[in-house]
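Enquirer: structure-v1.csv is reproduced in full below (CSV, C-alpha atoms).
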```csv
chain,number,residue,atom,x,y,z
A,1,MET,CA,44.7,14.2,-47.4
A,2,LYS,CA,45.8,14.5,-51.0
A,3,ARG,CA,46.2,17.5,-53.2
A,4,HIS,CA,43.1,19.2,-54.6
A,5,GLU,CA,40.9,17.7,-51.8
A,6,VAL,CA,38.9,19.7,-49.2
A,7,THR,CA,40.2,19.7,-45.6
A,8,ASP,CA,38.1,18.6,-42.7
A,9,GLU,CA,37.5,22.2,-41.8
A,10,GLN,CA,36.3,23.1,-45.3
A,11,TRP,CA,34.2,20.0,-45.4
A,12,SER,CA,32.4,20.9,-42.2
A,13,ALA,CA,31.5,24.3,-43.6
A,14,VAL,CA,29.9,22.9,-46.8
A,15,GLU,CA,28.6,19.5,-45.7
A,16,PRO,CA,25.2,20.9,-44.5
A,17,LEU,CA,24.6,22.5,-47.9
A,18,ILE,CA,25.1,19.4,-49.9
A,19,PRO,CA,22.0,17.3,-50.6
A,20,GLN,CA,21.9,13.7,-49.3
A,21,SER,CA,21.4,11.0,-51.9
A,22,LYS,CA,17.8,9.8,-51.8
A,23,ALA,CA,17.6,7.4,-54.7
A,24,ARG,CA,18.0,3.7,-54.0
A,25,THR,CA,19.2,2.2,-57.3
A,26,GLY,CA,20.8,-0.9,-56.1
A,27,ARG,CA,24.3,0.5,-56.7
A,28,PRO,CA,26.5,1.4,-53.8
A,29,HIS,CA,26.1,4.9,-52.5
A,30,ARG,CA,29.0,7.2,-53.2
A,31,PRO,CA,30.1,9.6,-50.4
A,32,ALA,CA,29.3,13.2,-51.2
A,33,ARG,CA,32.8,14.3,-50.0
A,34,ALA,CA,34.5,12.0,-52.5
A,35,MET,CA,32.2,13.4,-55.3
A,36,LEU,CA,33.1,17.0,-54.3
A,37,ASN,CA,36.8,16.1,-54.2
A,38,GLY,CA,36.5,14.6,-57.7
A,39,MET,CA,34.7,17.7,-59.0
A,40,LEU,CA,37.3,20.0,-57.5
A,41,TRP,CA,40.1,17.8,-59.0
A,42,VAL,CA,38.7,18.2,-62.5
A,43,LEU,CA,38.0,22.0,-62.1
A,44,ARG,CA,41.4,22.8,-60.6
A,45,THR,CA,43.5,20.7,-63.0
A,46,GLY,CA,41.5,21.5,-66.2
A,47,ALA,CA,41.7,17.8,-67.1
A,48,PRO,CA,38.8,16.1,-69.0
A,49,TRP,CA,36.3,14.1,-66.9
A,50,ARG,CA,37.6,10.9,-68.3
A,51,ASP,CA,41.1,11.5,-66.8
A,52,LEU,CA,39.7,11.6,-63.2
A,53,PRO,CA,41.8,9.4,-60.9
A,54,GLU,CA,40.2,6.1,-59.9
A,55,ARG,CA,40.3,7.1,-56.2
A,56,PHE,CA,37.3,9.4,-56.7
A,57,GLY,CA,35.2,6.6,-58.3
A,58,PRO,CA,33.9,6.3,-61.9
A,59,TRP,CA,34.2,9.6,-63.8
A,60,GLN,CA,30.6,9.2,-65.0
A,61,THR,CA,29.3,9.1,-61.5
A,62,VAL,CA,31.3,12.2,-60.4
A,63,TYR,CA,30.0,14.1,-63.5
A,64,ASP,CA,26.4,13.0,-62.8
A,65,TYR,CA,26.7,14.4,-59.3
A,66,PHE,CA,28.3,17.6,-60.7
A,67,ALA,CA,25.5,18.1,-63.3
A,68,ARG,CA,22.7,17.4,-60.7
A,69,TRP,CA,24.3,19.8,-58.1
A,70,ARG,CA,24.6,22.5,-60.8
A,71,ARG,CA,21.0,22.0,-61.8
A,72,GLU,CA,19.9,22.1,-58.1
A,73,ARG,CA,22.0,25.3,-57.5
A,74,VAL,CA,24.0,23.6,-54.7
A,75,PHE,CA,27.2,25.6,-55.7
A,76,ASP,CA,25.3,28.9,-55.5
A,77,ARG,CA,24.1,28.1,-52.0
A,78,ILE,CA,27.7,27.1,-51.0
A,79,LEU,CA,29.1,30.4,-52.4
A,80,GLU,CA,26.4,32.4,-50.7
A,81,ALA,CA,26.9,30.7,-47.3
A,82,LEU,CA,30.7,31.2,-47.5
A,83,GLN,CA,30.2,34.9,-48.4
A,84,ILE,CA,27.9,35.4,-45.4
A,85,ARG,CA,30.3,33.7,-43.1
A,86,LEU,CA,33.3,35.8,-44.3
A,87,ASP,CA,31.2,39.0,-44.1
A,88,GLU,CA,30.2,38.2,-40.5
A,89,GLN,CA,33.9,37.8,-39.7
A,90,GLY,CA,34.7,41.1,-41.5
A,91,LEU,CA,36.9,39.4,-44.1
A,92,ILE,CA,35.1,40.6,-47.2
A,93,ASP,CA,35.4,44.1,-48.6
A,94,TRP,CA,32.3,44.3,-50.8
A,95,ASP,CA,33.8,47.2,-52.8
A,96,LEU,CA,36.5,44.8,-54.0
A,97,TRP,CA,34.4,41.7,-54.4
A,98,CYS,CA,34.1,40.5,-57.9
A,99,VAL,CA,33.8,37.4,-60.1
A,100,ASP,CA,36.6,36.9,-62.6
A,101,GLY,CA,35.2,37.9,-66.0
A,102,SER,CA,38.0,36.6,-68.2
A,103,SER,CA,37.0,34.5,-71.1
A,104,VAL,CA,38.5,32.4,-73.8
A,105,ARG,CA,37.2,32.7,-77.3
A,106,ALA,CA,36.1,29.5,-78.9
A,107,SER,CA,36.5,28.7,-82.5
A,108,ARG,CA,33.5,29.1,-84.8
A,109,ALA,CA,33.4,25.4,-85.3
A,110,ALA,CA,32.9,25.0,-81.5
A,111,ALA,CA,29.8,27.0,-81.7
A,112,GLY,CA,28.4,24.9,-84.6
A,113,ALA,CA,29.2,27.2,-87.4
A,114,SER,CA,29.9,25.7,-90.8
A,115,LYS,CA,33.3,25.7,-92.5
A,116,LYS,CA,31.8,28.0,-95.2
A,117,ALA,CA,31.0,30.7,-92.5
A,118,ALA,CA,34.6,30.5,-91.2
A,119,ALA,CA,36.0,31.3,-94.6
A,120,ASP,CA,34.3,34.7,-94.8
A,121,THR,CA,36.0,36.4,-91.9
A,122,ARG,CA,35.9,40.0,-93.2
A,123,MET,CA,32.1,40.2,-92.9
A,124,ASN,CA,32.2,38.7,-89.4
A,125,ARG,CA,34.8,41.2,-88.2
A,126,LYS,CA,32.8,44.1,-89.5
A,127,THR,CA,29.7,42.8,-88.0
A,128,THR,CA,31.4,42.2,-84.6
A,129,HIS,CA,32.9,45.7,-84.6
A,130,TRP,CA,29.6,47.2,-85.6
A,131,ALA,CA,27.7,45.3,-82.9
A,132,ALA,CA,30.3,46.4,-80.2
A,133,ALA,CA,29.9,50.0,-81.3
A,134,VAL,CA,26.1,49.8,-81.1
A,135,ALA,CA,26.2,48.2,-77.7
A,136,ASP,CA,28.3,51.2,-76.6
A,137,SER,CA,31.2,49.2,-75.4
A,138,GLY,CA,33.3,51.5,-73.2
A,139,ALA,CA,37.0,51.8,-72.8
A,140,SER,CA,37.1,48.6,-70.7
A,141,SER,CA,36.8,46.5,-73.8
A,142,THR,CA,40.4,46.0,-74.9
A,143,TRP,CA,39.4,44.2,-78.1
A,144,LEU,CA,37.4,47.2,-79.2
A,145,LEU,CA,40.3,49.6,-78.4
A,146,THR,CA,42.7,47.3,-80.4
A,147,ALA,CA,40.3,47.1,-83.3
A,148,GLN,CA,40.0,50.9,-83.4
A,149,ALA,CA,43.8,51.4,-83.1
A,150,PHE,CA,44.7,48.8,-85.7
A,151,PRO,CA,41.9,48.5,-88.3
A,152,TRP,CA,41.6,45.2,-90.1
A,153,PRO,CA,43.3,45.2,-93.6
A,154,SER,CA,40.9,45.1,-96.5
A,155,LYS,CA,42.6,42.0,-97.9
A,156,SER,CA,44.0,39.0,-96.1
A,157,ARG,CA,47.7,37.9,-96.3
A,158,ARG,CA,46.7,35.1,-98.6
A,159,ASP,CA,45.3,37.6,-101.2
A,160,LYS,CA,48.4,39.8,-101.0
A,161,SER,CA,50.8,36.9,-101.5
A,162,THR,CA,48.8,35.6,-104.4
A,163,THR,CA,49.0,39.1,-106.0
A,164,ARG,CA,52.7,39.3,-105.6
A,165,ARG,CA,53.4,36.0,-107.2
A,166,GLY,CA,51.2,36.7,-110.1
A,167,SER,CA,52.6,40.2,-110.8
A,168,SER,CA,55.8,40.7,-112.9
A,169,ARG,CA,58.7,42.4,-111.1
```
Show the structure stored in the file as structure tokens.

Expert:
Amino acid sequence: MKRHEVTDEQWSAVEPLIPQSKARTGRPHRPARAMLNGMLWVLRTGAPWRDLPERFGPWQTVYDYFARWRRERVFDRILEALQIRLDEQGLIDWDLWCVDGSSVRASRAAAGASKKAAADTRMNRKTTHWAAAVADSGASSTWLLTAQAFPWPSKSRRDKSTTRRGSSR
């Protein structure tokens, strides 16, 4: 067994929850375990799908399985079954159970915003701060606490440096 692959014990726990391939397309059938191992390799390493090692098969095939299983909520069923199993064994403390809520902020361009919108950041910051206050973000929002403790300057650094150069000393 290689790194980032499910063990025989793990596979026996999730195998009944994974749908069997029904389509007969003329292409050779890919084993579900190899597809799951490929998905886990991408998810654990953070690598792009195109960098998937050849031992898992074509990256497009693994991605197609991943997209279909997400759409069919296979991963939700697996998580639920594993939670039930751990709860029956008394290994889950439901008071401490949570899903990681950390996030990474994407750039405006990643969301499809134009370059022109990215240039006017002061308006966006005020809008974001206003929206957070109206939504009644509590003290758990570290961004809101930082924004209140260190208010945004009225001018950007670029404006200040331009003013200094243009002024006589």

Enquirer: A:Glu9, A:Asp95, A:Asp64, A:Asp51: which is nearest Met35 in chain A, counting only C-alpha atoms?

Expert: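 Distance minimum relative to Met35 in chain A lands on A:Asp64.
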
Enquirer: Smallest atom-to-atom distance to Ala34 in chain A: which of A:Leu82, A:Gln20, A:Val62, A:Lys2, using all atoms listed in the file?

Expert: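 Closest to Ala34 in chain A of all the choices is A:Val62.
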
Enquirer: Here is a test: counting all atoms listed in the file, which residue of A:Leu17, A:Pro31, A:His4, A:Pro58 is nearest to Arg44 in chain A?

Expert: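 Between A:Leu17, A:Pro31, A:His4, A:Pro58, the residue approaching Arg44 in chain A most closely is A:His4.
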
Enquirer: Grab the CA of Asn37 in chain A to CA of Glu15 in chain A distance for me, in Å with one decimal place.

Expert: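 The value is 12.3 Å.
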
Enquirer: As an exercise, work out the distance from CA of Val42 in chain A to CA of Arg73 in chain A in Å and give it to one decimal place.

Expert: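 Interatomic distance here is 18.8 Å.
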
Enquirer: Measure the distance from CA of Glu72 in chain A to CA of Thr45 in chain A in Å and round it to one decimal.

Expert: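 If I compute the distance from CA of Glu72 in chain A to CA of Thr45 in chain A, I get 24.1 Å.
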
Enquirer: Check the smallest atom-to-atom distance from each of A:Trp41, A:Trp94, A:Trp69, A:Phe75 to Glu54 in chain A using all atoms listed in the file, then report the winner.

Expert: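 Closest to Glu54 in chain A, using all atoms listed in the file: A:Trp41.
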
Enquirer: Have a look at A:Tyr65, A:Ala81, A:Pro53, A:Leu43 and name the one nearest to Ala13 in chain A; count all atoms listed in the file.

Expert: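 Among the listed residues, the smallest separation from Ala13 in chain A belongs to A:Ala81.
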